[in-house]
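Notes follow once the structure below has been shown.
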Amino acid sequence: MKAMLIEKYGKDVPLLMKDRPMPEIGEDDVLVEIHAASLNPIDFKVKEGKAKFLLKYDMPLILGNDFAGVITKVGSRVKDYKPGDEVYGRPRKGRIGTLAEYIAVHQDDISPKPRNLNFVEAASIPLVGLTTYQAFHDVLKLQKGQKILIHAGAGGVGTFAIQLAKLMGAFVATTASDKGYELVKLMGADQIINYKKENFEELLTGYDAVYDTLGGEALEKSFQILKPHGKIVSVSGLPNARFGKEAQLGWMKTTLLSIASHKLTALEKKTQSSYHFLFMKPSGAQLKIIKKFIEEGHIKPVIDKVFDFKNAAQALKYLEGGSAKGKVVVKIK
């Protein structure tokens with residue numbers, strides 16, 4: 001099969017199309033012919049070696065973290081799927097590699113594809129959908145009437161997050177540029193802050209929650225808008241000691257995380273709030289919930305650009321440029 005891979009870590013390391021052996025499946029696996037795969041910031045972070053502290057891979061490494069496609073083969077213990085089924089999913093972290101013609105994936109990490117989406121649309125959902133669902137449902141426990149700030153609302157995560165937060169009954173503020181204004185308004189945002197002209201920390205107050213996709217200064221300023229006992233969940237900030245303990249990273253790594261994130265811990269104490277770093281877990285069960293939301297018309301995929309398989313390197317570079325409004329998808333078949 002053809003696959004897009006790297007042979008070592010590095011920002012300028014090329015993404016190469018190579019022939020690779022067909023994946024072998026285990027008893028609980030399905031073999032999927034991939035029709036489309038979406039790109040996410042984790043892909044260029046992995047490529048550059050920035051995720052090595054938490055994720056270690058052997059080389060060569062096929063990139064890609066979510067997909068939509070058709071099952072061609074099932075393992076002996078797979079009961080709910082059969083060849084010909086259209087599915088979407090996010091493979092577990094040790095088995096990534098969706099920028100390829102085929103992937104072997106555990107049956108627990110997939111779901112039937114939403115019936116009202118094509119493969120390109122469906123491929124745009126799993127990673128951002130699971131990340132946001134787990135942030136809102138599992139960590140923030142977002143309630144009807146609560147106020148949440150979603151950073152970078154016009155991005156791949158933000159467009160999904162606004163829709164899910166509105167579905168859960170929250171009041172949604174978001175940051176966007178002039179170019180993203182109409183899109184986030186269409187998604188349902190209640191208050192839009194133009195981050196190029198306005199400072200969100202001066203305009204917002206008394207918020208229950210913040211969903212951070214930026215990290216850095218934006219994350220640190222987010223503590224200022226929270227009410228006491230408010231929560232921040234971040235997918236781009238520094239992991240802290242709480243994450244180290246929950247992920248069972250061991251004493252040494254947890255201590256290093258505690259030191260690195262000391263500024264965030266100080267902000268937690270100062271504002272009487274809590275900070276959570278989220279590392280999404282694959283879940284076919286949650287993808288089925290998201291599938292229902294999509295089929296009922298509550299959430300629609302937002303796609304910025306679709307690239308052919310041979311142009312996957314160009315697609316990754318485009319995503320890393322930071323101007324994408326919605327998701328970037330690679331069409332493989």
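Starting from 1 in every chain, residues are counted up; chains themselves are A, B, ... following the order of the structure tokens, and ligands are numbered from 1 as listed.
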Residues within 10 Å of Asn311 (chain A), please, as an mmCIF file with N, CA, C and O atoms, in the first residue's frame. Count only C-alpha atoms; anything in the same chain fewer than 2 positions from it doesn't count.
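The result, written out as result25.cif:
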```cif
data_model
loop_
_atom_site.group_PDB
_atom_site.id
_atom_site.type_symbol
_atom_site.label_atom_id
_atom_site.label_comp_id
_atom_site.auth_asym_id
_atom_site.auth_seq_id
_atom_site.Cartn_x
_atom_site.Cartn_y
_atom_site.Cartn_z
ATOM 1 N N MET A 4 2.059 7.919 3.523
ATOM 2 C CA MET A 4 2.849 9.130 3.723
ATOM 3 C C MET A 4 3.573 9.030 5.059
ATOM 4 O O MET A 4 2.928 8.910 6.109
ATOM 5 N N LEU A 15 7.841 14.829 4.176
ATOM 6 C CA LEU A 15 6.807 13.801 4.263
ATOM 7 C C LEU A 15 6.836 13.062 2.933
ATOM 8 O O LEU A 15 6.595 13.653 1.880
ATOM 9 N N MET A 17 5.976 9.821 0.194
ATOM 10 C CA MET A 17 5.061 8.742 -0.180
ATOM 11 C C MET A 17 5.898 7.506 -0.489
ATOM 12 O O MET A 17 6.765 7.527 -1.352
ATOM 13 N N VAL A 306 -9.543 20.693 0.850
ATOM 14 C CA VAL A 306 -9.307 19.269 0.624
ATOM 15 C C VAL A 306 -8.123 19.116 -0.335
ATOM 16 O O VAL A 306 -8.081 19.751 -1.394
ATOM 17 N N PHE A 307 -7.157 18.275 0.060
ATOM 18 C CA PHE A 307 -5.968 18.026 -0.752
ATOM 19 C C PHE A 307 -5.970 16.581 -1.242
ATOM 20 O O PHE A 307 -6.459 15.685 -0.553
ATOM 21 N N ASP A 308 -5.397 16.344 -2.432
ATOM 22 C CA ASP A 308 -5.194 14.979 -2.909
ATOM 23 C C ASP A 308 -4.116 14.298 -2.072
ATOM 24 O O ASP A 308 -3.249 14.961 -1.483
ATOM 25 N N PHE A 309 -4.131 12.977 -2.056
ATOM 26 C CA PHE A 309 -3.192 12.185 -1.263
ATOM 27 C C PHE A 309 -1.732 12.560 -1.566
ATOM 28 O O PHE A 309 -0.922 12.733 -0.650
ATOM 29 N N ALA A 313 1.851 16.511 2.031
ATOM 30 C CA ALA A 313 2.887 17.367 2.635
ATOM 31 C C ALA A 313 2.487 18.832 2.530
ATOM 32 O O ALA A 313 2.660 19.611 3.474
ATOM 33 N N GLN A 314 1.926 19.209 1.394
ATOM 34 C CA GLN A 314 1.452 20.582 1.179
ATOM 35 C C GLN A 314 0.285 20.889 2.126
ATOM 36 O O GLN A 314 0.189 21.988 2.677
ATOM 37 N N ALA A 315 -0.571 19.896 2.336
ATOM 38 C CA ALA A 315 -1.709 20.062 3.244
ATOM 39 C C ALA A 315 -1.236 20.310 4.676
ATOM 40 O O ALA A 315 -1.768 21.170 5.383
ATOM 41 N N LEU A 316 -0.213 19.570 5.096
ATOM 42 C CA LEU A 316 0.309 19.726 6.450
ATOM 43 C C LEU A 316 0.938 21.101 6.635
ATOM 44 O O LEU A 316 0.771 21.746 7.675
ATOM 45 N N VAL A 330 -7.322 15.275 3.725
ATOM 46 C CA VAL A 330 -6.611 14.640 2.617
ATOM 47 C C VAL A 330 -7.495 13.536 2.057
ATOM 48 O O VAL A 330 -7.892 12.620 2.783
ATOM 49 N N LYS A 331 -7.811 13.648 0.766
ATOM 50 C CA LYS A 331 -8.652 12.631 0.105
ATOM 51 C C LYS A 331 -7.729 11.554 -0.439
ATOM 52 O O LYS A 331 -6.869 11.822 -1.280
#
```
>> Just want the 10 Å neighbourhood of Gly10 (chain A), counted on only C-alpha atoms, with same-chain residues fewer than 3 positions away dropped. Output as a list of chain:residue names.
In response: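 Everything that qualifies: A:Ile6, A:Glu7, A:Val13, A:Pro14, A:Phe44, A:Lys45, A:Val46, A:Lys47, A:Glu48, A:Gly49, A:Lys50.
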Residue subset to file, keeping N, CA and C atoms, as a PDB file, in the first residue's frame:
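Output contents, as saved in result-v7.pdb:
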```
ATOM      1  N   ILE A   6       7.381   9.762   7.632  1.00  0.00           N
ATOM      2  CA  ILE A   6       8.650  10.445   7.904  1.00  0.00           C
ATOM      3  C   ILE A   6       9.664   9.381   8.321  1.00  0.00           C
ATOM      4  N   GLU A   7      10.940   9.656   8.070  1.00  0.00           N
ATOM      5  CA  GLU A   7      12.001   8.704   8.417  1.00  0.00           C
ATOM      6  C   GLU A   7      12.790   9.165   9.638  1.00  0.00           C
ATOM      7  N   VAL A  13      11.962  18.000   7.877  1.00  0.00           N
ATOM      8  CA  VAL A  13      12.021  16.626   7.375  1.00  0.00           C
ATOM      9  C   VAL A  13      10.874  16.420   6.380  1.00  0.00           C
ATOM     10  N   PRO A  14      11.154  15.863   5.198  1.00  0.00           N
ATOM     11  CA  PRO A  14      10.086  15.704   4.206  1.00  0.00           C
ATOM     12  C   PRO A  14       9.090  14.611   4.567  1.00  0.00           C
ATOM     13  N   PHE A  44       1.680  17.802  12.944  1.00  0.00           N
ATOM     14  CA  PHE A  44       2.974  18.471  12.755  1.00  0.00           C
ATOM     15  C   PHE A  44       3.785  18.514  14.050  1.00  0.00           C
ATOM     16  N   LYS A  45       3.101  18.427  15.195  1.00  0.00           N
ATOM     17  CA  LYS A  45       3.849  18.349  16.458  1.00  0.00           C
ATOM     18  C   LYS A  45       4.591  17.019  16.555  1.00  0.00           C
ATOM     19  N   VAL A  46       3.943  15.938  16.152  1.00  0.00           N
ATOM     20  CA  VAL A  46       4.599  14.625  16.126  1.00  0.00           C
ATOM     21  C   VAL A  46       5.755  14.644  15.131  1.00  0.00           C
ATOM     22  N   LYS A  47       5.506  15.181  13.952  1.00  0.00           N
ATOM     23  CA  LYS A  47       6.529  15.222  12.899  1.00  0.00           C
ATOM     24  C   LYS A  47       7.791  15.950  13.361  1.00  0.00           C
ATOM     25  N   GLU A  48       7.595  17.044  14.086  1.00  0.00           N
ATOM     26  CA  GLU A  48       8.725  17.858  14.529  1.00  0.00           C
ATOM     27  C   GLU A  48       9.391  17.316  15.792  1.00  0.00           C
ATOM     28  N   GLY A  49       8.793  16.262  16.386  1.00  0.00           N
ATOM     29  CA  GLY A  49       9.364  15.690  17.598  1.00  0.00           C
ATOM     30  C   GLY A  49       8.950  16.398  18.866  1.00  0.00           C
ATOM     31  N   LYS A  50       7.973  17.307  18.776  1.00  0.00           N
ATOM     32  CA  LYS A  50       7.551  18.083  19.951  1.00  0.00           C
ATOM     33  C   LYS A  50       6.703  17.272  20.930  1.00  0.00           C
TER      34      LYS A  50
END
```
Do you have, as a tab-separated table, the list of residues of region 26-124 of chain A lying at most 9 Å from region 268-285 of chain A, each with its nearest atom pair and that distance in Å to one decimal, counting only C-alpha atoms and ordered by chain then number?
```
residue	atom	partner	partner_atom	distance
A:Tyr88	CA	A:Gly284	CA	8.9
A:Gly89	CA	A:Gly284	CA	7.0
A:Arg90	CA	A:Pro282	CA	5.8
A:Pro91	CA	A:Pro282	CA	6.4
A:Arg92	CA	A:Pro282	CA	5.7
A:Lys93	CA	A:Pro282	CA	8.2
A:Gln107	CA	A:Gly284	CA	7.7
A:Asp108	CA	A:Gly284	CA	5.2
A:Asp109	CA	A:Gly284	CA	4.4
A:Ile110	CA	A:Gly284	CA	4.5
A:Ser111	CA	A:Gly284	CA	5.1
A:Pro112	CA	A:Gly284	CA	8.8
```
>> Using only C-alpha atoms for the distances, tell me which of A:Lys310, A:Gln191, A:Lys56, A:Asp304 is nearest to Gly322 (chain A).
In response: A:Asp304
> Excluding same-chain residues fewer than 3 positions from region 213-226 of chain A, what lies within 6 Å of it counting only C-alpha atoms, as a VMD selection string?
Replying inline: chain A and resid 201 204 to 208 230 235 to 237
>> Need to verify the contact set: Leu183 (chain A), 9 Å, only C-alpha atoms, exclusion of same-chain residues closer than 4 positions in sequence. Can you return it as a ChimeraX atom specification?
In response: /A:153-154,159,179,187-188,325
